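Notes for the one structure printed next.
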Amino acid sequence: MSREDIERGGGVKSSGSNNNSNRNGYLSTSTYVIEDAEAHYWTSWLVPMFVVANVVIFVVMMYINNCPKHLHTRFEGKCVARFLGRFSFEPLKDNPLFGPSSATLQRFGALEWTKVVHEHQGWRLISCLWLHAGIIHLLANMLSLVFIGIRLEQQFGFVRVGIVYLLSGFGGSVLSSLFIRNNISVGASGALFGLLGAMLSELITNWSIYTNKAAALFTLLVITAINLAIGILPHVDNFAHIGGFLSGFLLGFVLLLRSQYGWQGRRNLPSGGGVKSKLKAYQYALWLVSVALLIVGFTVALVMLFKGENGNDHCHWCHYLSCVPTSRWKCNENNL
């Protein structure tokens, strides 16, 4: 591409073939089971709608991109899958993920520091969540969204999961903008990492009502570590992953609380019997701390962003969180 695109990671996959993973390698919805038979389950519709929206936007973006209309030089190569007509992909030297050009991504709302800060286009902090650099990027993220998001929506409803998804994606965009300046960034994986973080905090805060919790905690930690480690490869926006994960982790303590086992059935017990408090003391404490950290974190990050602060000036080692140079690749001054 004319300007280097940063795809926000691929899928959130598990590391092996243990009993907690399905055959596709993604986290299974049966990793841990709720002991409380009184738990209510919702029908998942928001996550499938998110998937449909992302696919539709990608199709429209490819239609507008219209690769055959561009004048590609012999060095750049020809459009890929030219039988698709105006839906064909940009040359692989421009976009190896089988997608549109950088110009098209920018036109549709890709995240770019200059436009957000100097041209007051803050809406790009959200619009970039619905864009994908290519068909590979799109498929990986949508598979992850289905495997992670549907279980959460079934257990907690569309309102809470929708808030976690959007705020996590927003948090990932903010952190990305603080550290990456000269490249554009697109993708839903900041929001997906937020859902993963929310799964982890939800397991912690609702620890007493789950079975197989130690195994589930270990699985989630391994999955998180592997996917964050993948983010240190070039051309992957790991700052969006980290920002999304931290936002989702804190939001899980705030929004995904469950009442103690037996709380709903307390009315059938004699006066003074059964569980007296809906939540445990540590759940209240985690809720308060998480709310405070979210307010302070978002406020400080947004103030720094719109003042034009460069996060690398305040954290000289943070660039290693997004790209670690090796003998096979180098990282530029913007960490990628």
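Ordering of the structure tokens sets the chain letters (A, B, ...); residue numbers start at 1 within each chain; ligands are numbered from 1 in the order shown.
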Select from region 134-270 of chain A everything DSSP, run on the backbone, classes as alpha helix (DSSP H), then give the selection as an NGL selection string. :A and (135-179 or 189-205 or 213-230 or 238-255)
List the neighbours of Ala188 (chain A) out to 12 Å using only C-alpha atoms; skip same-chain residues closer than 4 positions along the sequence, and give me the result as a ChimeraX atom specification. /A:6-12,50-51,53-55,110-111,125-133,137-145,165-173,192-195,237,240-241,244
Do you know which residues are at most 12 Å from Gly297 (chain A) counting only C-alpha atoms, after dropping those on the same chain fewer than 3 positions away, and could you put them as a ChimeraX atom specification? /A:171-172,174-175,243,246-247,250,289-294,300-304
